[in-house]
Amino acid sequence: MLLRRHSSSRPAPQPLVPLQGPALAAVAIAISTANFMQTLDLTIANVAVPTIAGDLGVSPDMGTWMLTSFATPLAVTLPLTGWLAQRFGQVRLFCVSVALFVAMSMLCGLAPTFGSLIVFRALQGAASGPLTALSQALLVAVFPPTRRNVALSVWQTTTFIAPVLGPIAGGWITDNIAWPWIFYINAPTGAAVLAILMRTLSGRDNATRKLPVDVVGLALLAIAFGSLQLMLDRGQNLDWFASTPIRVLAALCVVSFIALVLWEITDPHPIVDLTLFVNRNFSVGTVAVTVGFGVYYSALVLVPLWLQTQQGYTASWAGIATAPLGIAGIVIAPLIGRIQHRVDPRWFASLALFGWAVASFWRMHFDSDVPLREIAANSLLMGAATAFFITPLVSLSLAELPRERLPAASGLQNALRRMGTSIATSVAPTFFERRARVHSTYLVDRLAPLDRAFADWFDGLRHAGFSADAALASIGKTVDAQAHMLALDDFSAVCTMLFAATLIVVWLARYRQAR
C-alpha cells in the first residue's frame, strides 16, 4: 500500500519541449557526440582485429566475430527502440543506453579472454541501437520546428564522418598505444554526455505507457535480423550459397521476416510499428535512404580495397585518397541545414543522387594509371553530394508524423538503412571478385602464342632480362590488375544505374511547405 501510494505521488515528467540558447547548444553537442561515439565504434575496431585476435590467442578469422557480435544486437535493438521509448521514455532510455555503452566499452578493454570480449561487445552493440535512433529523434524534439533541419544536419555530419575516421583512429591507437584504448576512449566522452543530459533534461521526458511485451514479435525480430547479419558477415568466407550454413541462414532469414511482417500487422501491440509505412513520405524516404546510402557505402568500402589490393597503395595512402569524402561532408552539411527550409527537400536529395551518379560514371572511366589527385577529386565529389542526402530525406520522411511516433520511425528507418548498408558492403566485394574472374578469363583467352601483341610483350620482357617463368608471371599480374580494373568499372556502372533509379523514387514523395 505504501509502495503504491509513494509511486502515485511521484511527479510525472514534464513534456520534452524545444530548448533555446546555451541549453539547446549543450544538448545538441551531447546528443551528437553520443551518436558520433557509437557510430565510430562500428569501424574503429576493424583494423585492430588481427592484433586483438593475436593478443587473445585466436585466429584472425575467429577475430571477425568481434565485429559480428556488435552488429547483430545493434540490428535487433534499432527497430525495437520505438517500443522501448514508449515504455520507458526517450530521455531515460537514451541515458541508460549511454551508461550501458560506456560500461561495456570499459569491459571490452579489460576482457581477459576472447569469449568475454564477444559477450561485452554484443552488449555494447545492443546499447548502440537506441543511441542511433534516439539521437535523431531527440535532436528533432529539442530543436524548434523552424530549426529542425539544422538538428538533422548536425546528426548527419556525425553519422557520415564517424565511419570514415574510425579505421584511421583505430589504426593509430592500436599502433601507438594499445588496442584496449579503442574502447577506453568512450569512457570520458560518455561521462560528459551523461552529465550534460542529466543537467539540462532532468525531469523532462515523453509520456510513457505500460505496453505488453510482444514476445513472439521480439523473437521473430531477433531471428530475422540476427540470421541476416550472420549470413552477410560469414558469406564471403564461406563462398555464399555454395555453403550449407549460408543457405540455412538465408532460409531462416526469409521465413522469419515473412512471419514477422504477418505477425506485427495483426498484433494489437507490435514490437515494430509497420503501420508507419502507410505514410507515403515515410515509405518513399526510407526506401531512398536505404538504397542510396547502401550503394554509397559500398563504394566507400570497395574503392579503398581496390587501391590497396590492386594499385599498390598502403592503408594510409588509401585513406588520404578517400579522405575528401569526410572533409566535404563536414564543411557543407551544416550550411545545408541553414537553408533547407527554403527549398523543396526533394531537390536537395536529387542533387545528392545526381552527384553520386556523376561520380560513379566518372569512376567507370578510371584506368590502372589513374593518378591520386583524380581519385581524391572523385572522392570530393562523392563527399560533397553526401551532404545533401540524409537531412532532406529524413526531414521529408518524418514531416507528417506526430512527435510521439518519431522514435519508432527513426528506429525503423535506421534499422533498414543499416540493413541496406550491410547487404551492399557484403555483396559489393563478391560482385567485384566475380566480375574480375569473368574479365580475367576473357583476357587470358586472347593471350595466345600466335597473337602478335602477346608475342611482342613476352619477347620484350625476355629481352629486359626476365626468365620465361618470370615474364609469364609479370603478364599474369598485369592481366589480373586489368581484370579488377574492369570489374571496378562494372561496379561503378551498377552504382550509376541504382542512383538514377533512387532519384526517380524520391519524387514519389509529397512536399508541403511549412507555413
# chains A, B, ... in the order shown; residues from 1 in each chain; ligands from 1
$ residues_around --residues "Leu302 of chain A" --least-positions-apart "3" --cutoff "8 Å" --atoms "only C-alpha atoms" --output "MDAnalysis selection string"
chainID A and resid 298:299 305:306 425 428:429
$ closest_atom_pairs --of "segment 222-325 of chain A" --to "segment 391-399 of chain A" --cutoff "12 Å" --atoms "only C-alpha atoms" --output "CSV"
residue,atom,partner,partner_atom,distance
A:Leu276,CA,A:Leu398,CA,10.0
A:Phe277,CA,A:Ser397,CA,10.2
A:Val278,CA,A:Ser397,CA,11.8
A:Asn279,CA,A:Ser397,CA,8.6
A:Arg280,CA,A:Ser397,CA,8.4
A:Asn281,CA,A:Ser397,CA,5.0
A:Phe282,CA,A:Ser397,CA,4.1
A:Ser283,CA,A:Ser397,CA,7.5
A:Val284,CA,A:Ser397,CA,7.5
A:Gly285,CA,A:Ser397,CA,5.1
A:Thr286,CA,A:Ser397,CA,7.1
A:Val287,CA,A:Leu393,CA,10.1
A:Ala288,CA,A:Leu393,CA,7.8
A:Val289,CA,A:Leu393,CA,7.1
A:Thr290,CA,A:Leu393,CA,10.8
A:Gly292,CA,A:Leu393,CA,10.7
A:Phe293,CA,A:Leu393,CA,11.2
$ residues_around --residues "Arg418 of chain A" --least-positions-apart "4" --cutoff "10 Å" --atoms "only C-alpha atoms" --output "list in words"
Ala71, Leu74, Ala75, Leu78, Val289, Thr290, Phe293, Gly294, Leu412, Gln413, Asn414, Ser422, Ile423 and Ala424 of chain A
$ residues_around --residues "Leu194 of chain A" --least-positions-apart "6" --cutoff "12 Å" --atoms "only C-alpha atoms" --output "MDAnalysis selection string"
chainID A and resid 26:27 29:31 33:34 91:102 186:188 200:202
$ write_last_selection --atoms "N, CA, C and O atoms" --output "CSV table (one decimal), in the first residue's frame"
chain,number,residue,atom,x,y,z
A,26,ALA,N,24.1,23.0,-25.7
A,26,ALA,CA,24.8,21.9,-24.9
A,26,ALA,C,24.1,20.6,-25.2
A,26,ALA,O,24.8,19.6,-25.3
A,27,VAL,N,22.8,20.5,-25.2
A,27,VAL,CA,22.1,19.2,-25.5
A,27,VAL,C,22.4,18.7,-26.9
A,27,VAL,O,22.7,17.5,-27.1
A,29,ILE,N,25.1,19.3,-28.7
A,29,ILE,CA,26.5,18.8,-28.7
A,29,ILE,C,26.6,17.4,-28.0
A,29,ILE,O,27.2,16.5,-28.5
A,30,ALA,N,25.9,17.3,-26.9
A,30,ALA,CA,25.9,16.0,-26.1
A,30,ALA,C,25.3,14.9,-26.9
A,30,ALA,O,25.9,13.8,-27.0
A,31,ILE,N,24.1,15.1,-27.5
A,31,ILE,CA,23.4,14.0,-28.3
A,31,ILE,C,24.3,13.7,-29.5
A,31,ILE,O,24.4,12.5,-29.9
A,33,THR,N,27.5,14.0,-29.9
A,33,THR,CA,28.7,13.3,-29.5
A,33,THR,C,28.4,11.9,-29.2
A,33,THR,O,29.2,11.0,-29.5
A,34,ALA,N,27.3,11.6,-28.6
A,34,ALA,CA,26.9,10.2,-28.3
A,34,ALA,C,26.7,9.4,-29.6
A,34,ALA,O,27.1,8.3,-29.7
A,91,VAL,N,14.3,10.1,-23.0
A,91,VAL,CA,15.5,10.6,-22.3
A,91,VAL,C,16.0,9.6,-21.4
A,91,VAL,O,17.3,9.3,-21.4
A,92,ARG,N,15.2,8.9,-20.7
A,92,ARG,CA,15.7,7.8,-19.8
A,92,ARG,C,16.3,6.7,-20.5
A,92,ARG,O,17.4,6.3,-20.2
A,93,LEU,N,15.7,6.3,-21.6
A,93,LEU,CA,16.3,5.2,-22.4
A,93,LEU,C,17.6,5.6,-23.0
A,93,LEU,O,18.6,4.9,-23.0
A,94,PHE,N,17.7,6.9,-23.5
A,94,PHE,CA,19.0,7.4,-24.1
A,94,PHE,C,20.1,7.4,-23.0
A,94,PHE,O,21.2,6.9,-23.3
A,95,CYS,N,19.8,7.9,-21.8
A,95,CYS,CA,20.8,8.0,-20.8
A,95,CYS,C,21.2,6.6,-20.3
A,95,CYS,O,22.4,6.4,-20.1
A,96,VAL,N,20.3,5.7,-20.2
A,96,VAL,CA,20.6,4.3,-19.8
A,96,VAL,C,21.5,3.7,-20.9
A,96,VAL,O,22.5,2.9,-20.6
A,97,SER,N,21.2,3.9,-22.1
A,97,SER,CA,22.0,3.3,-23.2
A,97,SER,C,23.4,3.9,-23.3
A,97,SER,O,24.3,3.1,-23.5
A,98,VAL,N,23.5,5.2,-23.0
A,98,VAL,CA,24.9,5.8,-22.9
A,98,VAL,C,25.7,5.1,-21.8
A,98,VAL,O,26.8,4.7,-22.0
A,99,ALA,N,25.0,5.0,-20.6
A,99,ALA,CA,25.7,4.4,-19.5
A,99,ALA,C,26.1,3.0,-19.7
A,99,ALA,O,27.2,2.5,-19.4
A,100,LEU,N,25.2,2.2,-20.3
A,100,LEU,CA,25.5,0.8,-20.7
A,100,LEU,C,26.6,0.7,-21.7
A,100,LEU,O,27.5,-0.1,-21.6
A,101,PHE,N,26.6,1.6,-22.7
A,101,PHE,CA,27.6,1.6,-23.8
A,101,PHE,C,28.9,1.8,-23.2
A,101,PHE,O,29.9,1.2,-23.5
A,102,VAL,N,29.0,2.8,-22.3
A,102,VAL,CA,30.3,3.2,-21.7
A,102,VAL,C,30.8,2.0,-20.8
A,102,VAL,O,32.0,1.6,-20.8
A,186,ASN,N,35.9,5.8,-24.9
A,186,ASN,CA,34.4,6.1,-24.8
A,186,ASN,C,34.1,6.5,-23.4
A,186,ASN,O,33.0,7.2,-23.2
A,187,ALA,N,34.9,6.2,-22.4
A,187,ALA,CA,34.5,6.5,-21.0
A,187,ALA,C,34.4,8.0,-20.7
A,187,ALA,O,33.4,8.5,-20.2
A,188,PRO,N,35.5,8.8,-21.0
A,188,PRO,CA,35.3,10.2,-20.7
A,188,PRO,C,34.3,10.9,-21.5
A,188,PRO,O,33.5,11.8,-21.1
A,200,THR,N,20.5,19.2,-18.1
A,200,THR,CA,19.6,20.0,-18.9
A,200,THR,C,18.3,19.4,-19.2
A,200,THR,O,17.3,20.1,-19.3
A,201,LEU,N,18.2,18.0,-19.2
A,201,LEU,CA,16.9,17.4,-19.5
A,201,LEU,C,16.3,16.6,-18.3
A,201,LEU,O,15.3,15.9,-18.4
A,202,SER,N,16.9,16.8,-17.1
A,202,SER,CA,16.4,16.2,-15.9
A,202,SER,C,14.9,16.6,-15.7
A,202,SER,O,14.6,17.8,-15.7
$ closest_residue --among "A:Thr68, A:Thr478, A:Thr51, A:Gln136" --to "Leu228 of chain A" --atoms "only C-alpha atoms"
A:Thr68
$ closest_residue --among "A:Pro212, A:Leu197, A:Ser256, A:Pro163" --to "Leu300 of chain A" --atoms "only C-alpha atoms"
A:Pro163
$ closest_residue --among "A:Leu165, A:Asp175, A:Ala349, A:Thr158" --to "Pro50 of chain A" --atoms "only C-alpha atoms"
A:Asp175
$ residues_around --residues "Ala251 of chain A" --least-positions-apart "5" --cutoff "12 Å" --atoms "only C-alpha atoms" --output "number ranges by chain"
A: 223-224, 227-228, 231, 241, 244-246, 256-258
$ atom_distance --atom1 "atom CA of Gly476 of chain A" --atom2 "atom CA of Asp459 of chain A"
14.9 Å
$ atom_distance --atom1 "atom CA of Pro18 of chain A" --atom2 "atom CA of Thr208 of chain A"
18.7 Å
